[in-house]
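Content type compact mmCIF, C-alpha atoms and all ligand atoms, from the file start.txt:
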```txt
# COMPACT_ATOMS: atom_id res chain seq x y z
CA MET U 1 21.96 -5.02 -14.03
CA GLY U 2 23.29 -1.47 -13.56
CA ALA U 3 24.59 0.53 -10.63
CA ALA U 4 22.49 1.01 -7.53
CA VAL U 5 20.65 4.31 -7.17
CA THR U 6 22.42 6.09 -4.38
CA GLY U 7 20.82 7.28 -1.17
CA ARG U 8 23.52 10.00 -0.89
CA GLY U 9 24.48 9.41 2.73
CA LEU U 10 21.34 8.80 4.75
CA THR U 11 20.56 11.09 7.70
CA ALA U 12 17.49 11.64 9.85
CA GLU U 13 16.86 14.88 7.92
CA GLY U 14 15.82 12.96 4.78
CA CYS U 15 12.16 12.55 3.90
CA ILE U 16 10.15 9.36 3.67
CA GLY U 17 9.06 8.50 0.13
CA VAL U 18 5.75 6.68 -0.28
CA PHE U 19 4.16 5.39 -3.50
CA ASP U 20 1.10 3.56 -4.76
CA SER U 21 -0.73 3.23 -8.07
CA ASP U 22 -3.10 6.00 -6.93
CA VAL U 23 -4.85 7.16 -3.75
CA GLY U 24 -4.87 3.75 -1.99
CA GLY U 25 -1.48 4.38 -0.40
CA LEU U 26 -3.00 7.33 1.42
CA THR U 27 -4.42 4.79 3.90
CA VAL U 28 -0.79 3.90 4.68
CA LEU U 29 0.37 7.53 4.67
CA ASP U 30 -2.46 8.38 7.06
CA GLU U 31 -1.14 5.91 9.66
CA CYS U 32 2.45 7.06 9.09
CA LEU U 33 1.51 10.74 9.55
CA ALA U 34 -0.16 9.90 12.85
CA ARG U 35 2.65 7.70 14.14
CA LEU U 36 5.57 9.81 12.83
CA PRO U 37 4.40 13.44 13.08
CA ALA U 38 7.94 14.90 13.02
CA GLU U 39 8.84 13.30 9.66
CA ASP U 40 8.60 14.85 6.19
CA PHE U 41 6.75 12.78 3.59
CA VAL U 42 6.67 12.82 -0.22
CA TYR U 43 3.87 10.76 -1.79
CA TYR U 44 3.80 9.64 -5.42
CA GLY U 45 0.60 8.28 -7.02
CA ASP U 46 1.19 6.60 -10.38
CA THR U 47 -2.31 7.60 -11.40
CA ALA U 48 -1.74 7.52 -15.17
CA HIS U 49 -1.01 3.79 -14.84
CA PHE U 50 -3.79 2.77 -12.44
CA PRO U 51 -4.77 -0.01 -11.88
CA TYR U 52 -1.66 -2.01 -11.05
CA GLY U 53 -3.81 -5.00 -10.08
CA ASP U 54 -4.17 -6.38 -13.62
CA LYS U 55 -0.59 -5.75 -14.78
CA ASN U 56 2.25 -8.25 -15.18
CA VAL U 57 5.37 -8.47 -13.03
CA GLU U 58 7.74 -6.81 -15.57
CA TYR U 59 5.47 -3.81 -15.95
CA LEU U 60 5.01 -3.45 -12.19
CA ARG U 61 8.77 -3.66 -11.61
CA GLU U 62 9.43 -0.95 -14.16
CA ARG U 63 6.79 1.47 -12.85
CA SER U 64 7.83 0.78 -9.23
CA MET U 65 11.49 1.38 -10.07
CA ARG U 66 10.66 4.73 -11.69
CA ALA U 67 8.55 5.86 -8.72
CA ALA U 68 11.08 4.72 -6.12
CA THR U 69 14.03 6.25 -8.01
CA TRP U 70 12.20 9.58 -8.20
CA LEU U 71 11.52 9.44 -4.45
CA VAL U 72 15.21 8.79 -3.75
CA GLU U 73 16.00 11.82 -5.95
CA GLN U 74 13.67 13.84 -3.70
CA GLY U 75 15.90 12.92 -0.76
CA ALA U 76 14.09 9.87 0.63
CA LYS U 77 15.93 8.17 3.51
CA THR U 78 13.49 5.25 3.21
CA VAL U 79 11.03 4.29 0.48
CA VAL U 80 7.67 2.83 1.48
CA VAL U 81 5.88 0.70 -1.12
CA ALA U 82 2.31 1.53 -0.05
CA CYS U 83 0.81 -0.91 -2.54
CA ASN U 84 0.39 -4.63 -2.05
CA THR U 85 0.47 -5.33 -5.78
CA ALA U 86 3.79 -3.49 -6.26
CA THR U 87 5.19 -5.08 -3.10
CA ALA U 88 4.38 -8.59 -4.33
CA ALA U 89 5.86 -7.92 -7.78
CA ALA U 90 8.74 -5.55 -7.14
CA LEU U 91 9.88 -5.25 -3.50
CA ALA U 92 12.90 -7.55 -3.85
CA HIS U 93 13.86 -5.84 -7.13
CA LEU U 94 13.74 -2.39 -5.51
CA GLN U 95 15.67 -3.55 -2.47
CA THR U 96 18.36 -5.02 -4.71
CA HIS U 97 18.79 -1.94 -6.90
CA LEU U 98 18.33 0.97 -4.50
CA ASP U 99 20.74 1.69 -1.69
CA VAL U 100 18.16 3.24 0.62
CA PRO U 101 16.01 0.96 2.80
CA VAL U 102 12.80 -0.08 1.02
CA ILE U 103 9.89 -1.28 3.14
CA GLY U 104 6.81 -2.90 1.66
CA VAL U 105 3.43 -3.80 2.96
CA MET U 106 2.47 -7.52 3.30
CA THR U 107 5.07 -9.03 5.67
CA ALA U 108 3.76 -7.29 8.76
CA GLU U 109 0.11 -8.08 7.93
CA ALA U 110 0.96 -11.72 7.21
CA HIS U 111 2.67 -11.97 10.63
CA ALA U 112 -0.21 -10.18 12.33
CA ALA U 113 -2.79 -12.48 10.71
CA ALA U 114 -0.91 -15.65 11.69
CA TYR U 115 -0.59 -14.41 15.29
CA THR U 116 -4.20 -13.14 15.51
CA THR U 117 -6.20 -16.08 14.20
CA ARG U 118 -7.54 -18.42 16.84
CA ASN U 119 -9.32 -20.90 14.56
CA ARG U 120 -6.33 -20.85 12.10
CA ARG U 121 -8.53 -19.74 9.19
CA VAL U 122 -7.37 -16.57 7.53
CA GLY U 123 -9.01 -14.74 4.63
CA LEU U 124 -7.31 -12.51 2.07
CA LEU U 125 -8.95 -9.89 -0.15
CA ALA U 126 -6.55 -8.45 -2.76
CA THR U 127 -5.99 -7.63 -6.43
CA VAL U 128 -5.62 -10.35 -9.05
CA ALA U 129 -1.84 -9.78 -9.29
CA THR U 130 -1.38 -10.03 -5.51
CA VAL U 131 -3.47 -13.19 -5.18
CA GLN U 132 -1.73 -14.79 -8.17
CA SER U 133 1.70 -14.06 -6.67
CA GLY U 134 0.86 -16.36 -3.74
CA ALA U 135 3.10 -14.13 -1.58
CA TYR U 136 0.68 -13.66 1.32
CA GLU U 137 -0.03 -17.36 1.55
CA ARG U 138 3.70 -18.18 1.64
CA MET U 139 4.35 -15.60 4.37
CA ILE U 140 1.42 -16.74 6.53
CA LEU U 141 2.40 -20.39 6.18
CA ALA U 142 6.00 -19.53 7.07
CA HIS U 143 4.63 -18.49 10.47
CA ASP U 144 2.15 -21.29 10.92
CA ALA U 145 2.04 -24.05 8.33
CA GLY U 146 -1.29 -25.21 9.75
CA VAL U 147 -3.24 -22.08 8.84
CA GLU U 148 -5.85 -22.43 6.10
CA VAL U 149 -5.78 -19.38 3.82
CA THR U 150 -8.80 -18.44 1.67
CA SER U 151 -7.75 -15.90 -0.96
CA VAL U 152 -10.24 -13.89 -3.02
CA ALA U 153 -9.18 -11.72 -5.97
CA CYS U 154 -11.35 -8.59 -6.17
CA PRO U 155 -10.66 -7.13 -9.65
CA ARG U 156 -13.49 -4.56 -9.55
CA LEU U 157 -13.09 -3.23 -6.02
CA ALA U 158 -10.07 -0.87 -6.25
CA PRO U 159 -11.33 0.64 -9.55
CA ALA U 160 -14.77 1.26 -7.95
CA ILE U 161 -13.14 2.97 -4.94
CA GLN U 162 -10.97 4.94 -7.34
CA ARG U 163 -14.04 6.18 -9.21
CA GLY U 164 -15.00 7.80 -5.93
CA GLU U 165 -18.39 6.12 -5.57
CA PRO U 166 -17.89 4.10 -2.42
CA TYR U 167 -21.45 4.21 -1.17
CA ASP U 168 -23.74 3.14 -4.01
CA GLU U 169 -25.59 -0.19 -4.35
CA THR U 170 -23.07 -1.54 -6.88
CA ILE U 171 -20.25 -1.43 -4.38
CA VAL U 172 -22.44 -2.84 -1.58
CA GLU U 173 -23.25 -5.83 -3.81
CA MET U 174 -19.60 -6.14 -4.87
CA VAL U 175 -18.36 -6.29 -1.28
CA ARG U 176 -21.10 -8.82 -0.41
CA GLU U 177 -19.96 -11.04 -3.31
CA TYR U 178 -16.21 -10.80 -2.61
CA THR U 179 -16.60 -11.51 1.10
CA ALA U 180 -18.92 -14.54 0.62
CA PRO U 181 -16.08 -17.10 0.29
CA LEU U 182 -14.57 -15.80 3.56
CA ARG U 183 -17.90 -16.23 5.37
CA GLU U 184 -18.22 -19.75 3.92
CA ALA U 185 -14.68 -20.61 5.04
CA ARG U 186 -15.55 -19.24 8.53
CA VAL U 187 -12.34 -17.23 8.78
CA ASP U 188 -11.88 -15.30 12.04
CA THR U 189 -9.18 -13.00 10.62
CA ALA U 190 -9.00 -11.30 7.22
CA ILE U 191 -6.23 -9.30 5.57
CA LEU U 192 -7.30 -6.29 3.52
CA GLY U 193 -4.50 -6.99 1.06
CA CYS U 194 -4.91 -3.85 -1.04
CA THR U 195 -4.28 -0.39 0.34
CA HIS U 196 -7.48 0.90 -1.29
CA TYR U 197 -9.75 -1.40 0.72
CA PRO U 198 -9.70 0.39 4.12
CA MET U 199 -11.57 3.14 2.29
CA VAL U 200 -14.62 0.83 2.38
CA SER U 201 -13.88 -0.67 5.78
CA ARG U 202 -17.39 0.01 7.11
CA LEU U 203 -18.91 -2.09 4.31
CA LEU U 204 -16.31 -4.79 4.86
CA ARG U 205 -16.95 -4.88 8.61
CA ARG U 206 -20.68 -5.20 8.02
CA ASN U 207 -20.11 -8.18 5.73
CA LEU U 208 -17.53 -9.81 7.99
CA PRO U 209 -18.93 -9.42 11.49
CA ASP U 210 -16.75 -10.88 14.25
CA VAL U 211 -13.80 -11.10 11.86
CA THR U 212 -10.62 -9.23 12.82
CA LEU U 213 -9.58 -7.09 9.84
CA ILE U 214 -5.85 -6.56 9.36
CA THR U 215 -4.86 -3.48 7.36
CA SER U 216 -1.56 -2.64 5.70
CA GLY U 217 -1.25 0.93 7.00
CA GLU U 218 -1.32 0.22 10.69
CA GLU U 219 1.17 -2.64 10.53
CA LEU U 220 3.51 -0.81 8.17
CA ALA U 221 3.60 2.41 10.18
CA ARG U 222 4.68 0.42 13.24
CA GLU U 223 7.39 -1.35 11.22
CA LEU U 224 8.59 1.92 9.63
CA ARG U 225 8.96 3.65 12.97
CA GLU U 226 10.95 0.74 14.37
CA SER U 227 13.16 0.55 11.28
CA LEU U 228 13.95 4.30 11.42
CA ARG U 229 14.68 4.10 15.14
CA ARG U 230 17.04 1.15 14.85
CA LYS U 231 18.92 2.72 11.93
CA GLY U 232 19.26 6.05 13.75
CA LEU U 233 17.17 7.77 11.07
CA LEU U 234 14.24 8.85 13.25
CA ARG U 235 13.63 12.63 13.47
CA SER U 236 13.57 13.96 17.00
CA ALA U 237 10.13 14.97 18.28
CA GLY U 238 9.23 18.62 18.69
CA ARG U 239 8.90 19.62 15.05
CA GLU U 240 5.89 19.33 12.76
CA GLY U 241 6.78 17.42 9.63
CA THR U 242 5.67 18.36 6.12
CA TYR U 243 4.00 16.37 3.36
CA ARG U 244 3.67 16.91 -0.38
CA PHE U 245 2.21 15.03 -3.32
CA ALA U 246 2.94 14.25 -6.96
CA CYS U 247 1.19 12.03 -9.48
CA SER U 248 1.65 10.89 -13.06
CA GLY U 249 -1.90 11.72 -14.22
CA ASP U 250 -4.35 14.55 -13.57
CA PRO U 251 -3.32 16.43 -10.39
CA GLY U 252 -6.82 17.93 -9.96
CA ALA U 253 -8.48 14.51 -9.87
CA PHE U 254 -5.85 13.22 -7.44
CA ARG U 255 -6.28 16.23 -5.16
CA ALA U 256 -10.10 15.96 -5.14
CA LEU U 257 -10.20 12.25 -4.33
CA GLY U 258 -7.13 12.31 -2.09
CA SER U 259 -8.30 15.13 0.17
CA ARG U 260 -11.66 13.42 0.53
CA TYR U 261 -10.09 10.15 1.65
CA LEU U 262 -7.21 11.64 3.69
CA GLN U 263 -9.50 14.30 5.19
CA MET U 264 -6.60 16.75 5.02
CA PRO U 265 -5.76 19.44 2.46
CA LEU U 266 -3.31 18.12 -0.12
CA GLY U 267 -1.99 21.50 -1.29
CA ASP U 268 -0.42 21.70 -4.74
CA VAL U 269 -0.09 18.33 -6.44
CA ALA U 270 2.80 18.23 -8.93
CA ARG U 271 2.43 16.36 -12.22
CA VAL U 272 5.45 14.07 -12.61
CA PRO U 273 4.77 11.56 -15.43
CA LEU U 274 8.03 9.55 -15.12
CA ASP U 275 7.69 8.42 -18.72
CA ASP U 276 11.24 9.21 -19.93
CA PRO U 277 13.24 6.27 -21.18
CA VAL U 278 14.93 4.55 -18.25
CA PRO U 279 18.53 5.88 -18.15
CA ALA U 280 21.21 3.26 -18.77
CA GLY U 281 22.42 1.63 -15.60
CA ARG U 282 19.27 2.31 -13.60
CA ALA U 283 17.00 -0.64 -14.05
N1 LIG U 301 -3.51 -0.07 -3.92
C1 LIG U 301 -2.99 -1.15 -4.70
C2 LIG U 301 -2.67 -2.35 -3.82
O1 LIG U 301 -2.46 -2.19 -2.64
C3 LIG U 301 -3.77 -1.71 -5.84
C4 LIG U 301 -4.72 -0.98 -6.65
C5 LIG U 301 -4.47 -1.19 -8.12
O2 LIG U 301 -4.96 -2.17 -8.70
O3 LIG U 301 -3.72 -0.36 -8.65
O4 LIG U 301 -2.60 -3.47 -4.28
```

Starting from the coordinates I provided, produce the structure as structure tokens.
Ligand code: DGL
Amino acid sequence: MGAAVTGRGLTAEGCIGVFDSDVGGLTVLDECLARLPAEDFVYYGDTAHFPYGDKNVEYLRERSMRAATWLVEQGAKTVVVACNTATAAALAHLQTHLDVPVIGVMTAEAHAAAYTTRNRRVGLLATVATVQSGAYERMILAHDAGVEVTSVACPRLAPAIQRGEPYDETIVEMVREYTAPLREARVDTAILGCTHYPMVSRLLRRNLPDVTLITSGEELARELRESLRRKGLLRSAGREGTYRFACSGDPGAFRALGSRYLQMPLGDVARVPLDDPVPAGRA
């Protein structure tokens, strides 16, 4: 394996790089913007390669490495993997080959779920790749080996959210079907193990009444703030941070869907395909 991609001497002035397969990571960015208003953010959506949820580990590692490397080139002092699928497949790989801190989703939600459940029955809704990785289950059991985890792969849910039709009957029926095993298992806590899913949180709440829903964004934003603080990389308060966006596919489509979900103007979205051959020594 080649040389590490350099973080070029990390300082608090660097930005925070965030990536996902598409707009799902905006649910993570949203929490980070609220919790870290003085920071600058650069978000990359690998929209030309959505969905990640049905891809294999090698493919996910390669796309994640390209996105994270580009974010480091933009001056990222920390890279946030705002995608559960990419975290499960590629977090360790990125951490090994980049010399900036890389934080993924999953760990914090797994901890939160293990600490939250009272009846020790936890549900997981996630993509096929994330469920197949078994990563959530391992992390939850590492905290409490007595917890019963019911995992449901939801292959059609992120693509339906991505089509931008979150409120039609098809998606209502889909959510009903995917949440049924969690109702049957009588879980009292459920992890929304895909960063797209909070975009249909009202439907999920309706189908899982009295269940505590754990989302990636909230837990990650807390962890990111603490990590920056401990490493001395936190920007001092009193400035308003910036944010900008890039994607590998159609910038217009990303802007339209993204501003609707983020409820903020996205500004110019750059098209950055990241399709060049991987330079020798990078991955
Ligand atoms: N948002 C991604 C995740 O958190 C998955 C969506 C996809 O399949 O690309 O897993």

Inset, instruction - Can you work out the spacing between CA of Pro51 in chain U and CA of His111 in chain U in Å, to one decimal? - result: 26.6 Å

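We find CA of Gly134 in chain U and CA of Cys194 in chain U to be spaced 14.0 Å apart.
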
12 Å contact set for Val57 in chain U, all atoms listed in the file, chain neighbours under 5 positions out, as a PDB file with C-alpha atoms, keeping the file's coordinate frame:
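Resulting contents of selection.pdb:
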```pdb
ATOM      1  CA  TYR U  52      -1.660  -2.010 -11.050  1.00  0.00           C
ATOM      2  CA  GLU U  62       9.430  -0.950 -14.160  1.00  0.00           C
ATOM      3  CA  ARG U  63       6.790   1.470 -12.850  1.00  0.00           C
ATOM      4  CA  SER U  64       7.830   0.780  -9.230  1.00  0.00           C
ATOM      5  CA  MET U  65      11.490   1.380 -10.070  1.00  0.00           C
ATOM      6  CA  THR U  85       0.470  -5.330  -5.780  1.00  0.00           C
ATOM      7  CA  ALA U  86       3.790  -3.490  -6.260  1.00  0.00           C
ATOM      8  CA  THR U  87       5.190  -5.080  -3.100  1.00  0.00           C
ATOM      9  CA  ALA U  88       4.380  -8.590  -4.330  1.00  0.00           C
ATOM     10  CA  ALA U  89       5.860  -7.920  -7.780  1.00  0.00           C
ATOM     11  CA  ALA U  90       8.740  -5.550  -7.140  1.00  0.00           C
ATOM     12  CA  LEU U  91       9.880  -5.250  -3.500  1.00  0.00           C
ATOM     13  CA  ALA U  92      12.900  -7.550  -3.850  1.00  0.00           C
ATOM     14  CA  HIS U  93      13.860  -5.840  -7.130  1.00  0.00           C
ATOM     15  CA  VAL U 128      -5.620 -10.350  -9.050  1.00  0.00           C
ATOM     16  CA  ALA U 129      -1.840  -9.780  -9.290  1.00  0.00           C
ATOM     17  CA  THR U 130      -1.380 -10.030  -5.510  1.00  0.00           C
ATOM     18  CA  GLN U 132      -1.730 -14.790  -8.170  1.00  0.00           C
ATOM     19  CA  SER U 133       1.700 -14.060  -6.670  1.00  0.00           C
TER      20      SER U 133
END
```

Legend entry - Expected residue set, 7 Å radius at (4.3, 6.3, 13.2), all atoms listed in the file, as an NGL selection string: :U and (31-36 or 221-222 or 225)

Inset, instruction - Tell me which protein, DNA and RNA residues are within 10 Å of Glu137 in chain U, counting all atoms listed in the file, leaving out same-chain ones fewer than 6 positions away, and put them as a PyMOL selection string. - result: chain U and resi 110+122-124+131+145+147-151

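Of the listed residues U:Gly252, U:Pro159, U:Gly146, U:Gly14, the one whose atoms come nearest to ligand LIG 301 (chain U) is U:Pro159, with distances taken using only C-alpha atoms and all ligand atoms.
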
Legend entry - Environment of ligand LIG 301 (chain U) within 9 Å, counting all atoms listed in the file, reported as a PyMOL selection string: chain U and resi 20-25+46-47+49-55+81-88+105+126-130+155-159+162+192-197+216

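CA of Lys77 in chain U sits 7.7 Å away from CA of Leu233 in chain U.
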
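Minimum atom-to-atom distances from U:Pro265, U:Pro251, U:Gly217, U:Pro273 to Leu29 in chain U were compared using only C-alpha atoms, and the lowest value belongs to U:Gly217.
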
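The smallest atom-to-atom distance between Tyr44 in chain U and any of U:Leu220, U:Ala67, U:Ala153, U:Cys15, using all atoms listed in the file, is found for U:Ala67.
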
Legend entry - Nearest to Leu26 in chain U by atom-to-atom distance, counting all atoms listed in the file, from U:Ala270, U:Leu60, U:Leu262, U:Val100: U:Leu262

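Nearest residue to Thr212 in chain U among U:Gly232, U:Arg118, U:Met264, U:Leu71 is U:Arg118, counting all atoms listed in the file.
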
Legend entry - Within 8 Å of Val211 in chain U using all atoms listed in the file, minus same-chain residues under 6 positions, as a list in words: Val187, Asp188, Thr189, Ala190 and Arg205 of chain U

Please produce an output containing C-alpha atoms for each residue in the selection, written as a PDB file, keeping the file's coordinate frame.
```pdb
ATOM      1  CA  VAL U 187     -12.340 -17.230   8.780  1.00  0.00           C
ATOM      2  CA  ASP U 188     -11.880 -15.300  12.040  1.00  0.00           C
ATOM      3  CA  THR U 189      -9.180 -13.000  10.620  1.00  0.00           C
ATOM      4  CA  ALA U 190      -9.000 -11.300   7.220  1.00  0.00           C
ATOM      5  CA  ARG U 205     -16.950  -4.880   8.610  1.00  0.00           C
TER       6      ARG U 205
END
```

Legend entry - Spatial neighbours of range 239-248 of chain U, max dist 7 Å, all atoms listed in the file, sep filter under 4 positions, as a list in words: Pro37, Ala38, Glu39, Asp40, Phe41, Val42, Tyr43, Tyr44, Gly45, Asp46, Thr47, Ala48, Val269, Ala270, Arg271, Val272, Pro273 and Leu274 of chain U
